[in-house]
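Some notes on the structure that comes next.
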Amino acid sequence: MDNQRLMIWGLFGFLAWITYQTWVGDNAPAPVAVGAQQVEALSTPDDSDDLPVLSPTDSADLDAPTPLDDEAAPTLPDAVQNAKFVRVNTDVFHLEISTQGGTLQSATLIKYPVAKDQPDKLVQLLSTEPGNFGRIQTGLRIIGEGDEPNHLASFESRSDSYDMGDADELLVTLTWTSADGIHVKKRFLFTRGSYAIRIEQVVSNDSEGLWRGANYTQIQRINKTQERSMFDVDSYSFAGPVVYNGEKSEKLKHDDLVEDGPVSFKAQNGWIASIQHHFLSAVVPAKGAERSYNIAVRGDRATASTIGKAEAIAPGSEKTFTTIAFVGPKLQSQLETIDETLKLTVDYGWLTIISQPLFWLLSFVYKFVHNWGLAIILVTFLIKLAFYKLTESSGRSMAKMRNLQPRMKALQDRYKDDKPALSQAMMELYKREKVNPAAGCLPILIQMPFFLAFYWVLLESVEMRQAPFALWITDLSTRDPYFILPIIMGAAMLMQQKLNPAPADPIQAKVMQIMPIMFTVFFAFFPSGLVLYWVTNTLLSIAQQWKINRVVEREAKEKKH
């Protein structure tokens, strides 16, 4: 096995992997929801009445929310149908909170345009629109008869509009009172610069009896899918519910939920989320107490729910139930402050163990240079430096092979009709000149996972989204608009080939000649941040190989003398 052949197979393997991902997306069974254009044509029940199903037992456990059957959708009271909403403006988003249950029904991220050339069209994660439906519902279920402050209850607000202004925090309070003296304050606390929302449900028992109930939260989101396309990097990211059971996170595909039914589990330190490329809506309950979780699909919507055990509040007492919601970009620094495991929603795939340290290094460098493109260049240099000794052995092997090419060509001409004799002569030549054709295999194999990991870091990290580099590169997360970087990359690959020994096999030689052209076309539609990494890596490889070639040539001359 020689280095050239391994490089060819490695590069073709990467291309085959990307092609397979595209084929899977293109040929997968069509899910129920196929995008905004077809949402209205689907038979979607009004699931606004979904409530946790009570299962009162001696231990007073409550089951996780379970959607009602399509036929079991009762007509909502006029007070609910005519619910108003409260507008909330902070420095990071515009929100709408419905007076029906205090539901977060709209969230627009004011710092994140959908596209850089459309600055006025902003990303909306929660919405009442059918094509982009999403909401976060909170409430309380009770054991026994009586009114309960669930997400169907009618709340009141002192104002229909709140603005953070120059303050560091903003508190929005909705109130609810039952006929028998149970008072609930649902408080939403917003902090400047943060996409986290602290939701507190304060229950005051002014009745004459014991109040017993449990708090729940659920995220409902349209299950949007789209066809995979190499021209759209967003299409390669998972979109749908993600759960954490206290030990590991799991992405739940629409088809699996339809075929296998709802997923349920209990955990003390779990959370639920709905993710898409670069953004998420998540709910992190208070830790320490066991809760039930349920994730189900009905029609074109996925519902992820969590509910705790029932707790008792004596007359004259009060209790606060706290939940943290996060609605915004996958900023790992903010996600970690809520829960260390919440950064798992950044979908680096099976290479997370490598991608996370690479992202940390990239972020660390960015703090000093304040330019993500420059950070990519410097991190690429550091990765190259870390593997320098390993790649040096590969480089020396290729340099020696390059010097031996005239003698190898002579052997091929001499034994052109005798393959066994040619192989024997070649092996003797390698042994005599102390050249190991397989010396570079291990370094290349070790580096490949780092390349793929860096690929996912650049593709999935929202910090790269619409980040400028320099000159014409104004968005590292999209393709080079003028294809200049891919052309530079192709030219650099041609130059790199000149420094390496030509393959002895004519077929391999032809493949190597067209490889730069293939990669130029293929990388033309990759995010420019990834192409920048590949260009930098190739140029550094050229510099390293040029230096090694000179050293080996000097050593060869000294050996002759």
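Following the order of the structure tokens, chains are lettered A, B, ..., residues in each are numbered from 1, and ligands are numbered from 1.
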
Task: Who sits within 7 Å of stretch 281-291 of chain A, only C-alpha atoms, same chain under 2 positions skipped, as number ranges by chain - done: A: 266-269, 271-275, 293, 306-309, 322-328

TODO: Enumerate, as number ranges by chain, the complete set of residues in stretch 97-213 of chain A that a backbone-based DSSP assignment places in strand (DSSP E).
DONE: A: 97-98, 103-115, 118-126, 134-142, 156-157, 161-163, 169-177, 182-191, 196-205, 211-213

Open item on the list: Report as number ranges by chain all protein, DNA and RNA residues lying within 12 Å of A:Pro119, evaluated on only C-alpha atoms, omitting residues in the same chain fewer than 4 positions from it.
Closed with: A: 109-115, 123, 466

- [ ] Considering only C-alpha atoms, return as a list in words whatever protein or nucleic-acid residues lie within 9 Å of A:Ile377, sequence-local ones (same chain, fewer than 5 positions apart) excluded.
- [x]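 Non-adjacent residues within range: Trp372, Leu382, Leu532, Tyr533, Thr536 and Asn537 of chain A.
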
TODO: Extract, using only C-alpha atoms, all DNA, RNA and protein residues at most 6 Å from stretch 342-348 of chain A, discarding same-chain residues fewer than 3 positions from it, and format them as a ChimeraX atom specification.
DONE: /A:332,335,339,352,456

With C-alpha atoms retained, could you export that selection as a PDB file, in the first residue's frame?
ATOM      1  CA  GLN A 332     -22.599  26.897  23.531  1.00  0.00           C
ATOM      2  CA  LEU A 335     -26.213  26.586  26.820  1.00  0.00           C
ATOM      3  CA  ASP A 339     -26.934  22.773  31.755  1.00  0.00           C
ATOM      4  CA  THR A 352     -18.386  14.982  19.030  1.00  0.00           C
ATOM      5  CA  TRP A 456     -18.856  19.420  11.397  1.00  0.00           C
TER       6      TRP A 456
END

Open item on the list: Could you list, as an NGL selection string, every residue within 10 Å of A:Gly146, counting only C-alpha atoms and ignoring same-chain residues fewer than 5 positions away?
Closed with: :A and (178-180)

Task: Atom-to-atom span, atom CA of A:Pro527 and atom CA of A:Asn371, Å - done: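 Interatomic distance here is 16.1 Å.
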
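Taking atom CA of A:Gly165 and atom CA of A:Thr320 as endpoints, the distance between them is 27.6 Å.
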
Task: Within 12 Å of A:Gly134 using only C-alpha atoms, minus same-chain residues under 3 positions, as a VMD selection string - done: chain A and resid 47 to 48 96 103 to 108 124 to 131 137 218 to 224 240 to 241 273 to 275 280 to 282 300 to 304 327
